[in-house]
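Read the structure below first, then the notes.
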Amino acid sequence: MSYDPSVYQPNSTRTVFTTIDSATNADITAGDRIQIASTGFSHANCTVNASGQLVFTAGEHIICTTIENTRRSLSGAQETPVEFRFYDVTNSQYLGVAGRCISQLFSSTNALQAAPMSIAYVNTAITVEIRCQAHSGGIADCYNRLAINYIGNPWGYIYSAIG
Amino acid sequence: MAYKERGAMVRIHTITNSSTALSSPTLLPVTSLDYPHNHKKQEGDRLAFTQIMTSQRHGGNDGFFCHIIRTDEYTHTGAGNLPLIGYYPGFERPLPQGLLVMMSEVSCALVGSDSADDVGIQTLTSSQYNDNAVDNSSLVEVS
């Protein structure tokens, strides 16, 4: 047995993903899926299927996501929250903790607090999607419908143990 | 017999009093952290999270923009910024206005190369008014 203390090899692997930036994720209401983009996605024991869901085949994973909330219309002081959470499609149950993303006209005041991330733990072979758990207010589009260039992309990550 | 270190490695960097004014709708390097630790290939592919703290200096204009992870590892792109294909960091609205768009105010990226000697934060083209300043920022890396 040999051991080189100068070589550090974390026993984990990581991948970053985003949601689909198109009308695929338009008009999201409670129970709707917010689809994940498969472009460029590569992760051990996990794929993104044609429905924008994460398909886990094995392993132990921590998953985290954010979303975007672009409200229609642009006028009116309407508070529009979208609560989102990872959903276990295989066993028909929500996972982890929910996040809440709130759009509001800038001149108005939000009554709700935002919790912009949803996090869950997966250790079985299941299919998982990002699902809207609750929604109110105006029409919520979960993509950059305004097509303005100072809006970043929603992000999520998968952090997995190796071996 | 191979040996694998178990557990995660976390680094947290905080910058205070950078007081960078936001005055033009152009690429603006907010801050850049020297990162001398990443000369070993084993430390590649780490998650990086950034968050910036902003304030309104004077006047009535608010700004809104997104910030992304800046790194020197992909300088062949000419920009030195993530995201590239397959990388999706970046978030908007660190200042209290926006056109009915809300997202997280934390950026996230996978810093993947063993040649990334510095990692930082950068705002993108946006509506940045000179009333606003970046006072604090932080960078967290998890391997």
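Chain labels run A, B, ... following the order of the structure tokens; each chain numbers its residues from 1, and ligands are numbered from 1 in the order shown.
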
Who sits within 8 Å of Ala26 in chain A, only C-alpha atoms, same chain under 2 positions skipped, as number ranges by chain:
A: 22-24, 28, 140-143
